[in-house]
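Enquirer: entry-v7.cif is reproduced in full below (mmCIF, C-alpha atoms).
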```cif
data_coords
loop_
_atom_site.group_PDB
_atom_site.id
_atom_site.type_symbol
_atom_site.label_atom_id
_atom_site.label_comp_id
_atom_site.auth_asym_id
_atom_site.auth_seq_id
_atom_site.Cartn_x
_atom_site.Cartn_y
_atom_site.Cartn_z
ATOM 1 C CA MET A 15 0.000 0.000 0.000
ATOM 2 C CA THR A 16 2.758 2.514 0.814
ATOM 3 C CA ARG A 17 4.062 4.082 -2.392
ATOM 4 C CA ARG A 18 7.744 4.000 -2.937
ATOM 5 C CA LEU A 19 9.839 6.576 -4.698
ATOM 6 C CA ASP A 20 10.777 5.865 -8.309
ATOM 7 C CA CYS A 21 13.689 7.787 -9.688
ATOM 8 C CA LYS A 22 14.843 8.386 -13.282
ATOM 9 C CA PHE A 23 17.728 10.595 -14.205
ATOM 10 C CA LYS A 24 19.500 11.975 -17.237
ATOM 11 C CA LYS A 25 22.546 14.129 -17.704
ATOM 12 C CA LEU A 26 21.908 16.880 -20.224
ATOM 13 C CA GLU A 27 24.258 16.810 -23.203
ATOM 14 C CA ASN A 28 26.988 19.433 -23.087
ATOM 15 C CA HIS A 29 25.393 20.986 -20.067
ATOM 16 C CA PRO A 30 26.365 20.810 -16.386
ATOM 17 C CA LEU A 31 22.867 19.833 -15.289
ATOM 18 C CA THR A 32 21.590 16.433 -14.229
ATOM 19 C CA VAL A 33 17.820 16.086 -14.201
ATOM 20 C CA VAL A 34 16.239 13.745 -11.674
ATOM 21 C CA GLU A 35 12.595 12.840 -12.165
ATOM 22 C CA LEU A 36 10.792 11.551 -9.082
ATOM 23 C CA ASP A 37 7.533 9.702 -8.758
ATOM 24 C CA GLY A 38 6.077 8.639 -5.413
ATOM 25 C CA GLN A 39 6.615 9.654 -1.797
ATOM 26 C CA ILE A 40 9.566 11.263 -0.026
ATOM 27 C CA ASP A 41 8.902 10.161 3.510
ATOM 28 C CA SER A 42 12.383 9.835 4.946
ATOM 29 C CA ALA A 43 15.972 10.794 4.302
ATOM 30 C CA LYS A 44 16.501 7.147 3.389
ATOM 31 C CA SER A 45 13.991 7.342 0.562
ATOM 32 C CA ILE A 46 16.290 9.658 -1.374
ATOM 33 C CA GLU A 47 19.455 7.617 -0.934
ATOM 34 C CA SER A 48 19.331 6.631 -4.606
ATOM 35 C CA ILE A 49 19.302 10.318 -5.580
ATOM 36 C CA GLU A 50 22.257 10.959 -3.338
ATOM 37 C CA GLU A 51 24.327 8.435 -5.267
ATOM 38 C CA ILE A 52 23.478 10.247 -8.504
ATOM 39 C CA VAL A 53 24.074 13.772 -7.344
ATOM 40 C CA THR A 54 27.325 13.009 -5.563
ATOM 41 C CA ALA A 55 28.786 11.073 -8.504
ATOM 42 C CA PRO A 56 32.139 12.547 -9.613
ATOM 43 C CA ASP A 57 30.745 13.770 -12.964
ATOM 44 C CA ALA A 58 27.586 15.308 -11.470
ATOM 45 C CA GLU A 59 27.426 19.086 -11.239
ATOM 46 C CA HIS A 60 24.192 21.025 -10.779
ATOM 47 C CA VAL A 61 21.057 18.950 -10.202
ATOM 48 C CA ALA A 62 17.387 19.661 -10.890
ATOM 49 C CA ILE A 63 14.873 17.454 -9.122
ATOM 50 C CA GLN A 64 11.549 17.383 -10.914
ATOM 51 C CA MET A 65 8.959 17.234 -8.164
ATOM 52 C CA GLU A 66 5.715 17.143 -10.113
ATOM 53 C CA GLY A 67 5.375 13.376 -9.647
ATOM 54 C CA VAL A 68 5.970 13.579 -5.909
ATOM 55 C CA ALA A 69 2.583 13.058 -4.287
ATOM 56 C CA TYR A 70 3.743 13.270 -0.684
ATOM 57 C CA ILE A 71 6.578 14.629 1.431
ATOM 58 C CA ASN A 72 6.998 15.004 5.187
ATOM 59 C CA SER A 73 9.464 16.836 7.418
ATOM 60 C CA SER A 74 11.930 13.922 7.318
ATOM 61 C CA GLY A 75 11.828 13.947 3.517
ATOM 62 C CA CYS A 76 12.485 17.689 3.527
ATOM 63 C CA GLY A 77 15.373 17.038 5.898
ATOM 64 C CA GLY A 78 16.818 14.604 3.357
ATOM 65 C CA LEU A 79 16.580 17.192 0.570
ATOM 66 C CA ILE A 80 18.207 19.818 2.790
ATOM 67 C CA ALA A 81 21.082 17.452 3.599
ATOM 68 C CA LEU A 82 21.483 16.832 -0.123
ATOM 69 C CA HIS A 83 21.534 20.574 -0.765
ATOM 70 C CA HIS A 84 24.300 21.052 1.802
ATOM 71 C CA LYS A 85 26.389 18.276 0.251
ATOM 72 C CA MET A 86 26.080 19.835 -3.194
ATOM 73 C CA GLU A 87 26.745 23.295 -1.901
ATOM 74 C CA GLY A 88 29.900 21.946 -0.269
ATOM 75 C CA ARG A 89 31.037 20.816 -3.718
ATOM 76 C CA GLY A 90 30.223 24.179 -5.229
ATOM 77 C CA PHE A 91 27.060 23.139 -7.067
ATOM 78 C CA ARG A 92 23.362 23.873 -6.768
ATOM 79 C CA LEU A 93 20.294 21.775 -6.170
ATOM 80 C CA PHE A 94 17.050 22.949 -7.739
ATOM 81 C CA LEU A 95 13.546 21.738 -6.937
ATOM 82 C CA VAL A 96 11.323 21.981 -9.968
ATOM 83 C CA LYS A 97 7.576 22.425 -9.811
ATOM 84 C CA PRO A 98 6.448 20.930 -6.510
ATOM 85 C CA VAL A 99 2.663 20.840 -6.532
ATOM 86 C CA GLY A 100 -0.276 20.841 -4.095
ATOM 87 C CA GLY A 101 0.446 19.763 -0.555
ATOM 88 C CA VAL A 102 4.078 19.030 -1.393
ATOM 89 C CA GLU A 103 4.622 22.670 -2.323
ATOM 90 C CA ARG A 104 2.980 23.790 0.928
ATOM 91 C CA VAL A 105 5.174 21.482 3.015
ATOM 92 C CA ILE A 106 8.332 22.694 1.287
ATOM 93 C CA LYS A 107 7.387 26.318 1.994
ATOM 94 C CA HIS A 108 6.338 25.736 5.600
ATOM 95 C CA VAL A 109 9.536 23.849 6.388
ATOM 96 C CA GLY A 110 11.546 26.616 4.760
ATOM 97 C CA CYS A 111 13.323 24.632 2.025
ATOM 98 C CA HIS A 112 12.684 27.494 -0.379
ATOM 99 C CA LYS A 113 14.761 29.763 1.835
ATOM 100 C CA ILE A 114 17.970 27.883 1.144
ATOM 101 C CA MET A 115 17.489 26.215 -2.217
ATOM 102 C CA ARG A 116 15.950 27.317 -5.477
ATOM 103 C CA VAL A 117 12.396 26.215 -6.140
ATOM 104 C CA SER A 118 11.657 26.754 -9.828
ATOM 105 C CA GLU A 119 8.527 26.688 -11.928
ATOM 106 C CA SER A 120 10.066 24.873 -14.869
ATOM 107 C CA LEU A 121 13.137 23.027 -16.064
ATOM 108 C CA GLU A 122 13.687 25.731 -18.687
ATOM 109 C CA GLU A 123 13.999 28.284 -15.889
ATOM 110 C CA VAL A 124 16.648 26.117 -14.198
ATOM 111 C CA ILE A 125 18.598 25.643 -17.430
ATOM 112 C CA LYS A 126 18.658 29.423 -17.945
ATOM 113 C CA GLU A 127 19.857 29.963 -14.396
ATOM 114 C CA VAL A 128 22.619 27.375 -14.730
ATOM 115 C CA ASP A 129 23.626 28.964 -18.042
ATOM 116 C CA SER A 130 23.901 32.316 -16.336
ATOM 117 C CA LEU A 131 26.133 30.735 -13.676
ATOM 118 C CA LYS A 132 28.437 29.487 -16.417
ATOM 119 C CA THR A 133 28.837 32.971 -17.846
ATOM 120 C CA ASP A 134 29.419 34.653 -14.455
ATOM 121 C CA MET B 17 -16.926 27.518 14.093
ATOM 122 C CA ASN B 18 -13.678 29.460 13.844
ATOM 123 C CA LYS B 19 -10.256 28.191 14.859
ATOM 124 C CA GLY B 20 -10.511 29.680 18.327
ATOM 125 C CA ASP B 21 -13.891 28.070 18.984
ATOM 126 C CA THR B 22 -12.591 24.721 17.786
ATOM 127 C CA GLY B 23 -9.658 25.096 20.121
ATOM 128 C CA LYS B 24 -11.915 25.828 23.063
ATOM 129 C CA TRP B 25 -14.008 22.822 22.186
ATOM 130 C CA LEU B 26 -10.977 20.576 21.864
ATOM 131 C CA ARG B 27 -9.457 21.800 25.119
ATOM 132 C CA GLN B 28 -12.755 21.090 26.817
ATOM 133 C CA LEU B 29 -12.505 17.569 25.511
ATOM 134 C CA LEU B 30 -9.180 17.231 27.250
ATOM 135 C CA THR B 31 -10.548 18.292 30.591
ATOM 136 C CA PRO B 32 -12.236 15.264 32.142
ATOM 137 C CA SER B 33 -14.616 17.308 34.259
ATOM 138 C CA LYS B 34 -15.972 19.132 31.244
ATOM 139 C CA ALA B 35 -15.621 16.382 28.715
ATOM 140 C CA GLU B 36 -18.651 14.457 29.910
ATOM 141 C CA LYS B 37 -20.837 17.440 29.115
ATOM 142 C CA ASP B 38 -19.419 17.880 25.652
ATOM 143 C CA VAL B 39 -21.008 16.326 22.618
ATOM 144 C CA GLY B 40 -17.609 15.791 21.005
ATOM 145 C CA HIS B 41 -16.378 13.664 23.856
ATOM 146 C CA GLU B 42 -18.114 10.599 22.519
ATOM 147 C CA HIS B 43 -15.965 10.812 19.410
ATOM 148 C CA LEU B 44 -12.853 10.253 21.463
ATOM 149 C CA ASP B 45 -14.352 7.964 24.019
ATOM 150 C CA ASP B 46 -15.664 5.661 21.338
ATOM 151 C CA PRO B 47 -13.402 6.266 18.340
ATOM 152 C CA ASP B 48 -14.052 4.975 14.830
ATOM 153 C CA ILE B 49 -10.555 3.520 14.763
ATOM 154 C CA HIS B 50 -8.491 2.483 17.755
ATOM 155 C CA VAL B 51 -5.168 0.874 16.945
ATOM 156 C CA VAL B 52 -2.220 -0.008 19.129
ATOM 157 C CA LEU B 53 0.986 -0.075 17.103
ATOM 158 C CA ARG B 54 4.337 -1.417 18.087
ATOM 159 C CA ALA B 55 6.849 1.355 17.524
ATOM 160 C CA LYS B 56 8.133 0.599 14.033
ATOM 161 C CA TYR B 57 8.523 2.982 11.085
ATOM 162 C CA LEU B 58 6.813 0.535 8.755
ATOM 163 C CA TYR B 59 3.613 0.625 10.802
ATOM 164 C CA ILE B 60 3.712 4.412 10.885
ATOM 165 C CA ALA B 61 3.862 4.508 7.082
ATOM 166 C CA TYR B 62 0.885 2.180 6.737
ATOM 167 C CA MET B 63 -1.133 4.012 9.373
ATOM 168 C CA ARG B 64 -0.636 7.429 7.782
ATOM 169 C CA ASP B 65 -1.506 6.085 4.310
ATOM 170 C CA LEU B 66 -4.617 4.425 5.716
ATOM 171 C CA CYS B 67 -5.761 7.673 7.346
ATOM 172 C CA GLY B 68 -5.152 9.647 4.145
ATOM 173 C CA SER B 69 -7.091 7.157 2.015
ATOM 174 C CA LEU B 70 -9.885 6.915 4.542
ATOM 175 C CA ALA B 71 -10.211 10.689 4.699
ATOM 176 C CA LEU B 72 -10.812 10.767 0.951
ATOM 177 C CA GLU B 73 -13.461 8.079 1.328
ATOM 178 C CA MET B 74 -15.109 10.124 4.078
ATOM 179 C CA GLY B 75 -15.531 13.112 1.778
ATOM 180 C CA PHE B 76 -12.514 15.224 2.679
ATOM 181 C CA SER B 77 -10.907 17.093 -0.201
ATOM 182 C CA GLY B 78 -7.601 15.944 -1.641
ATOM 183 C CA ASP B 79 -5.847 18.826 0.125
ATOM 184 C CA ASP B 80 -7.491 17.941 3.432
ATOM 185 C CA ALA B 81 -6.595 14.256 3.008
ATOM 186 C CA PHE B 82 -2.984 15.213 2.298
ATOM 187 C CA GLY B 83 -2.931 17.254 5.512
ATOM 188 C CA ILE B 84 -4.502 14.475 7.561
ATOM 189 C CA LYS B 85 -1.986 11.962 6.264
ATOM 190 C CA LEU B 86 0.848 14.379 7.041
ATOM 191 C CA VAL B 87 -0.362 15.155 10.555
ATOM 192 C CA VAL B 88 -0.757 11.461 11.425
ATOM 193 C CA ASP B 89 2.713 10.839 10.023
ATOM 194 C CA GLU B 90 4.402 13.672 11.930
ATOM 195 C CA VAL B 91 2.669 12.937 15.222
ATOM 196 C CA LEU B 92 3.377 9.207 15.001
ATOM 197 C CA THR B 93 6.994 9.840 14.017
ATOM 198 C CA ASN B 94 7.436 12.153 17.004
ATOM 199 C CA ALA B 95 5.837 9.532 19.267
ATOM 200 C CA PHE B 96 8.253 6.942 17.907
ATOM 201 C CA GLU B 97 11.361 9.099 18.041
ATOM 202 C CA HIS B 98 10.780 10.971 21.302
ATOM 203 C CA GLY B 99 8.302 8.848 23.236
ATOM 204 C CA CYS B 100 9.557 5.314 22.724
ATOM 205 C CA THR B 101 12.721 4.177 24.404
ATOM 206 C CA HIS B 102 12.340 0.593 23.197
ATOM 207 C CA PRO B 103 11.686 0.677 19.445
ATOM 208 C CA GLY B 104 9.837 -2.417 18.310
ATOM 209 C CA ASN B 105 8.528 -3.073 21.814
ATOM 210 C CA ASP B 106 6.967 0.141 23.049
ATOM 211 C CA LYS B 107 3.427 0.706 21.921
ATOM 212 C CA ILE B 108 1.751 3.749 20.442
ATOM 213 C CA ASP B 109 -1.968 4.180 20.869
ATOM 214 C CA VAL B 110 -3.846 5.754 17.962
ATOM 215 C CA LYS B 111 -7.470 6.878 17.969
ATOM 216 C CA ILE B 112 -9.227 8.337 14.963
ATOM 217 C CA SER B 113 -12.766 9.675 14.914
ATOM 218 C CA PHE B 114 -14.672 11.111 12.021
ATOM 219 C CA ALA B 115 -17.191 13.664 13.207
ATOM 220 C CA GLY B 116 -19.593 15.421 10.861
ATOM 221 C CA THR B 117 -17.408 18.497 10.753
ATOM 222 C CA GLY B 118 -13.980 16.937 10.647
ATOM 223 C CA ILE B 119 -11.563 14.398 12.022
ATOM 224 C CA PHE B 120 -10.077 13.898 15.475
ATOM 225 C CA ILE B 121 -6.648 12.362 15.756
ATOM 226 C CA CYS B 122 -5.263 11.222 19.072
ATOM 227 C CA VAL B 123 -1.805 9.653 19.437
ATOM 228 C CA ARG B 124 -0.421 8.568 22.780
ATOM 229 C CA ASP B 125 3.119 7.345 23.437
ATOM 230 C CA PRO B 126 4.595 5.989 26.676
ATOM 231 C CA GLY B 127 7.293 8.673 26.920
ATOM 232 C CA GLY B 128 5.566 11.049 29.301
ATOM 233 C CA LYS B 129 8.000 13.826 28.422
ATOM 234 C CA SER B 130 6.740 17.362 28.948
ATOM 235 C CA PHE B 131 7.582 20.079 26.498
ATOM 236 C CA ASP B 132 6.227 23.485 25.702
ATOM 237 C CA TYR B 133 4.197 22.677 22.625
ATOM 238 C CA ARG B 134 2.638 26.137 22.605
ATOM 239 C CA LYS B 135 5.784 27.644 21.172
ATOM 240 C CA TYR B 136 5.038 25.774 17.969
ATOM 241 C CA ARG B 137 1.697 27.506 17.508
ATOM 242 C CA GLY B 138 2.071 29.858 14.587
ATOM 243 C CA PHE B 139 5.723 28.830 14.502
ATOM 244 C CA GLU B 140 7.570 29.961 11.382
ATOM 245 C CA VAL B 141 10.683 28.051 10.466
ATOM 246 C CA ASN B 142 13.501 30.552 9.972
ATOM 247 C CA SER B 143 16.136 28.012 9.199
ATOM 248 C CA PRO B 144 15.049 24.722 7.651
ATOM 249 C CA ASP B 145 17.784 23.009 9.655
ATOM 250 C CA SER B 146 16.104 23.952 12.923
ATOM 251 C CA ILE B 147 14.233 21.438 15.001
ATOM 252 C CA GLY B 148 10.474 21.507 15.273
ATOM 253 C CA SER B 149 9.589 21.403 11.586
ATOM 254 C CA GLY B 150 7.333 18.377 12.197
ATOM 255 C CA LEU B 151 5.273 20.207 14.827
ATOM 256 C CA CYS B 152 5.283 23.305 12.647
ATOM 257 C CA LEU B 153 3.587 21.193 9.959
ATOM 258 C CA VAL B 154 1.098 19.816 12.483
ATOM 259 C CA ASP B 155 0.222 23.398 13.374
ATOM 260 C CA LYS B 156 -0.147 24.468 9.745
ATOM 261 C CA PHE B 157 -2.229 21.497 8.636
ATOM 262 C CA THR B 158 -4.699 21.281 11.524
ATOM 263 C CA ASP B 159 -7.355 23.600 12.863
ATOM 264 C CA GLU B 160 -6.370 22.891 16.448
ATOM 265 C CA TRP B 161 -3.977 20.679 18.350
ATOM 266 C CA VAL B 162 -2.923 20.209 21.941
ATOM 267 C CA VAL B 163 -0.460 18.074 23.866
ATOM 268 C CA ASN B 164 -1.438 16.423 27.101
ATOM 269 C CA THR B 165 1.367 14.966 29.215
ATOM 270 C CA LYS B 166 1.283 12.846 32.308
ATOM 271 C CA PRO B 167 4.960 12.905 33.306
ATOM 272 C CA GLY B 168 6.528 9.484 33.255
ATOM 273 C CA GLU B 169 3.342 7.869 31.962
ATOM 274 C CA TYR B 170 2.347 9.203 28.593
ATOM 275 C CA THR B 171 2.383 12.031 26.115
ATOM 276 C CA GLU B 172 -0.754 12.481 24.091
ATOM 277 C CA VAL B 173 -1.184 14.659 21.038
ATOM 278 C CA MET B 174 -4.712 15.487 19.994
ATOM 279 C CA ALA B 175 -5.509 17.241 16.769
ATOM 280 C CA PHE B 176 -8.610 18.343 14.966
ATOM 281 C CA LYS B 177 -8.890 18.988 11.252
ATOM 282 C CA ARG B 178 -12.093 20.526 9.990
ATOM 283 C CA LYS B 179 -13.520 19.338 6.694
ATOM 284 C CA SER B 180 -13.185 22.066 4.067
ATOM 285 C CA LYS B 181 -16.579 23.662 3.438
ATOM 286 C CA LYS B 182 -16.320 23.173 -0.304
ATOM 287 C CA GLU B 183 -16.368 19.415 0.187
ATOM 288 C CA GLU B 184 -19.184 19.265 2.701
ATOM 289 C CA LYS B 185 -22.249 17.576 1.341
#
```
Before we go any further, please render this structure as structure tokens.

Expert:
Amino acid sequence: MTRRLDCKFKKLENHPLTVVELDGQIDSAKSIESIEEIVTAPDAEHVAIQMEGVAYINSSGCGGLIALHHKMEGRGFRLFLVKPVGGVERVIKHVGCHKIMRVSESLEEVIKEVDSLKTD
Amino acid sequence: MNKGDTGKWLRQLLTPSKAEKDVGHEHLDDPDIHVVLRAKYLYIAYMRDLCGSLALEMGFSGDDAFGIKLVVDEVLTNAFEHGCTHPGNDKIDVKISFAGTGIFICVRDPGGKSFDYRKYRGFEVNSPDSIGSGLCLVDKFTDEWVVNTKPGEYTEVMAFKRKSKKEEK
């Protein structure tokens, strides 16, 4: 009955962005362990997590994303959350995730932002 | 009934002398669901999903059901993490009652640890790394909630979530 978290990812060609597409529930830091392996891989740079398929998140799940953000920040890269919807968006705002990491409306917006980082 | 009135009502429910006179008391005294869980994360996950699904069946909106699932999750997780010293052995008592206007959630753990839960009312998380984000979510996603502690015996969190008017039939 409990929905797990499915994770697909792709590295954009000639671009320092890895896109992670999630589907399911983020209900603990452990549930995003598979993402952690992807985003901390030696060739991974900036990461965009597409949240539209995430139907549920709790404070522990937010804690996992925050820990991930800190790890990436420590390596000099950014973590973006893309299009969280409904209750998930509310939880992210109430917990304050949006205060430390970028929450974007679309992947295009993230790509533009990463491009601007490259030119800085 | 506004949030303040609901709070008064709920606090009355927690006061034994007044509870007998209150119509709502029967909802807690004779809950729709009464489950005793051994303190394991797996059971928490199933319990929260059950409550979310059941809320939808009972006519709550999708947003309400999300909130109910979240509140059950956060309260049970707190009971497990702060109120159970013997994971897998300690037991957590869960009562759920669907009233016409909303849902009552009551979770009791054997911890009996007092804390000032009132500081989490209207609590805004300044730093997402700070503690208390779970109770902050409980506050945001319920209409009223209180914590009742009998030191050394139990800690009980009671919450009330009103059914959104749009969904009332």

Enquirer: Mind checking which residues fall within 8 Å of Val128 of chain A, counting all atoms listed in the file, ignoring those fewer than 4 positions away in the same chain, and posting them as a list in words?

Expert: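 The contact residues come out as Pro30, Leu31, His60, Val124 and Lys132 of chain A.
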
Enquirer: Evaluate the PyMOL selection byres ((chain B) within 12 of (chain A)) and record the selected residues as a ChimeraX atom specification, following the chain and residue labels used in the document.

Expert: /B:57-69,77-94,97,138-157

Enquirer: Box for segment 74-78 of chain A: with edges along x, y and z, all listed atoms inside and 4 Å added on each side, what are the centre and edge lengths in Å to one decimal, as JSON?

Expert:
```
{"center_x": 14.3, "center_y": 15.8, "center_z": 5.3, "size_x": 13.0, "size_y": 11.8, "size_z": 12.0}
```

Enquirer: How many Å lie between atom CA of Phe176 of chain B and atom CA of Cys122 of chain B, rounded to one decimal?

Expert: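 Result for atom CA of Phe176 of chain B versus atom CA of Cys122 of chain B: 8.9 Å, one decimal.
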
Enquirer: With the file shown as input, list the residues that the PyMOL selection byres ((chain A and resi 93-98) around 6) selects, as a VMD selection string.

Expert: chain A and resid 61 to 66 83 92 99 102 to 103 116 to 120

Enquirer: Go ahead and find all residues with at least one atom no further than 10 Å from (26.6, 16.3, -7.5) in the file's coordinates, using all atoms listed in the file; report them as a ChimeraX atom specification.

Expert: /A:30-32,49-61,82-83,85-93

Enquirer: I need the output of the PyMOL selection byres ((chain B and resi 48-54) around 6) for this file as JSON, numbers by chain; which residues are they?

Expert: {"B": [47, 55, 56, 104, 105, 106, 107, 108, 109, 110, 111, 112, 113]}
